[in-house]
Amino acid sequence: MKAIFSHQYYALVDCNSFYVSCERLFQPALKKRPVVVLSNNDGCMIALSKEAKALGLKMGGAYHENRDIILKNQVETFSSNYNLYQNISNRVMMLLSEMSSKIEVYSIDEAFLDLSLIGEQELFEHAQNIKETVQKQVGIPVSVGIGRTKVLAKLANELAKKSPRAKGIVCLDCARYEAAALEKTLVHQIWGVGKKLSLKLELLGLKTAQDLCDYPNDKVLHKIGTKKMLEIRDELRGISCLSFIVRDKKKNIGSSKSFGKKVFSIIELKEALANYATRAAFKMRSQGSRAKYIAIYMRTNPFDRNSSQHCEGAYLRLEFSTLDTREIISKAWALADEIFLPGYAYKKAGIELSEFEDRDEYQLVLGQKINWSAEKLMDTMDRVNARFGDNTLKVMACGTHNPWKMLSQMKSQRHTTHILEAPKVRSCI
């Protein structure tokens, strides 16, 4: 099919091995060394440097099963440091927003940019500027893929990461480059096409993105993958079908984690819920919302066949919405009293807030009063914690020792989010 090129282009900017890059940012000696970042409770490997991958380590592999390889090859291993990663991500996204008329933050390490205001002759130069600016001002290496649609931009980005010749940039700004990229990309590598769909496409004889692009039978594609498959096919043809999403406020906010040890006591479980409620309430206030709906759940370890199992949740809907962490904790504790069963070894709990109202524009009900002192207290806590680090100020219900908290025995410092852990600079004068 002959391509008809338009002036509309998108860029996908992807931070390379993002969690690993964040760790290397403050420890330059790790630049050429194998590095691994672990999931919650130091369970699985969720980020690997190319040096770690070269040793045969796999994404999602269990840490304890690969410990011999890690120790033998002196692989630097870190527990997840999500406060640091999110802060660095915010810096990258803020910088990218200055280089585009519109930005869609797709994940913590990826963003689509609208390049409609960039001339076609300037696309590659703009991609170079993005890459160099993020590297210079934040210190994070990125790959940039540019295409006429979001799927083509994603495809270009994958090629930019894999090809040494590309040096982190692939710009599909002409028919020749686009055709070559489609031929190199297998159907299972296309964004939005998983393993199951790719097997069905291969049965039709469609092995590459170019094959899918040229396939004319809409009815067959719709039967295989519904309307989504037709949109992917058209996106490969340069027809933009996937809307550009400028993300609005979240409709629900949750916080949950597995415990570092088995929890039998309702006191410890409530303490954990208080901490999760504190985190969720902070996120809610950060987007200018207050909640009317509170839900909690608790469960044992479903993989422990030697223990009795219990998994249950509970919820309530408030008469008036709230942003007060103390009230949310109080309601969560009341729900916990309803569903907790003695004698079970609980492994995880969580809380979710929803049915949000705008903090400043919601409708008051006759007789309803706003607790202004509570609002000022929450604002003060948020400002203090933003300046001096999470949990500098917290509700007493959160406790201090937290024996149930996740295992994070190899966690790096919170260099950018906690004043006591900020990098120290020494003067030579």
# chains A, B, ... in the order shown; residues from 1 in each chain; ligands from 1
$ select_by_dssp --residues "stretch 124-203 of chain A" --states "strand (DSSP E or B)" --output "VMD selection string"
chain A and resid 142 to 147 169 to 171 186
$ select_by_dssp --residues "stretch 107-342 of chain A" --states "helix (DSSP H, G or I)" --output "ChimeraX atom specification"
/A:120-137,150-162,164-166,175-184,187-189,195-203,209-214,218-236,266-286,325-339
$ closest_residue --among "A:Ala52, A:Ala334, A:Leu318, A:Leu353" --to "A:Ile294" --atoms "only C-alpha atoms"
A:Leu353
$ residues_around --residues "A:Met298" --least-positions-apart "3" --cutoff "6 Å" --atoms "only C-alpha atoms" --output "PyMOL selection string"
chain A and resi 311-312+348-349
$ residues_around --residues "A:Met396" --least-positions-apart "3" --cutoff "12 Å" --atoms "only C-alpha atoms" --output "number ranges by chain"
A: 270-271, 274-275, 278, 325-326, 329, 391-393, 399-402
$ write_last_selection --atoms "C-alpha atoms" --output "mmCIF file, in the first residue's frame"
data_model
loop_
_atom_site.group_PDB
_atom_site.id
_atom_site.type_symbol
_atom_site.label_atom_id
_atom_site.label_comp_id
_atom_site.auth_asym_id
_atom_site.auth_seq_id
_atom_site.Cartn_x
_atom_site.Cartn_y
_atom_site.Cartn_z
ATOM 1 C CA LYS A 270 -4.355 -1.783 61.399
ATOM 2 C CA GLU A 271 -0.968 -0.099 61.605
ATOM 3 C CA ALA A 274 -2.950 3.431 58.557
ATOM 4 C CA ASN A 275 0.267 3.785 56.557
ATOM 5 C CA THR A 278 -1.803 8.006 54.668
ATOM 6 C CA THR A 325 -6.116 11.308 56.701
ATOM 7 C CA ARG A 326 -7.247 10.790 60.304
ATOM 8 C CA ILE A 329 -7.780 5.821 58.929
ATOM 9 C CA ASN A 391 6.654 10.463 56.955
ATOM 10 C CA THR A 392 8.523 13.326 58.585
ATOM 11 C CA LEU A 393 5.087 14.133 60.009
ATOM 12 C CA GLY A 399 3.336 3.544 64.390
ATOM 13 C CA THR A 400 7.114 3.792 64.431
ATOM 14 C CA HIS A 401 8.682 0.324 64.307
ATOM 15 C CA ASN A 402 6.470 -1.251 61.615
#
$ residues_around --residues "stretch 174-184 of chain A" --least-positions-apart "4" --cutoff "6 Å" --atoms "only C-alpha atoms" --output "PDB file with N, CA and C atoms, in the first residue's frame"
ATOM      1  N   THR A 208       5.116 -10.260   9.741  1.00  0.00           N
ATOM      2  CA  THR A 208       5.725  -8.969  10.041  1.00  0.00           C
ATOM      3  C   THR A 208       4.679  -7.868  10.109  1.00  0.00           C
ATOM      4  N   ALA A 209       5.099  -6.710  10.620  1.00  0.00           N
ATOM      5  CA  ALA A 209       4.207  -5.552  10.665  1.00  0.00           C
ATOM      6  C   ALA A 209       3.783  -5.138   9.263  1.00  0.00           C
ATOM      7  N   GLN A 210       4.666  -5.326   8.294  1.00  0.00           N
ATOM      8  CA  GLN A 210       4.324  -4.994   6.903  1.00  0.00           C
ATOM      9  C   GLN A 210       3.209  -5.900   6.385  1.00  0.00           C
TER      10      GLN A 210
END
$ residues_around --residues "stretch 106-122 of chain A" --least-positions-apart "6" --cutoff "8 Å" --atoms "only C-alpha atoms" --output "ChimeraX atom specification"
/A:7-15,18,86,89,93,96,100,150,173
$ residues_around --residues "A:Val36" --least-positions-apart "3" --cutoff "8 Å" --atoms "only C-alpha atoms" --output "PyMOL selection string"
chain A and resi 20+45-49+52+75-78
$ closest_residue --among "A:Asp214, A:Glu65, A:Glu235, A:Asp248" --to "A:Ala153" --atoms "only C-alpha atoms"
A:Glu235
$ closest_residue --among "A:Gly61, A:Leu236, A:Ser79, A:Asn217" --to "A:Glu23" --atoms "only C-alpha atoms"
A:Ser79
$ closest_residue --among "A:Gly288, A:Leu273, A:Glu51, A:Val37" --to "A:Ser330" --atoms "only C-alpha atoms"
A:Leu273
$ atom_distance --atom1 "atom CA of A:Glu268" --atom2 "atom CA of A:Ala397"
10.3 Å
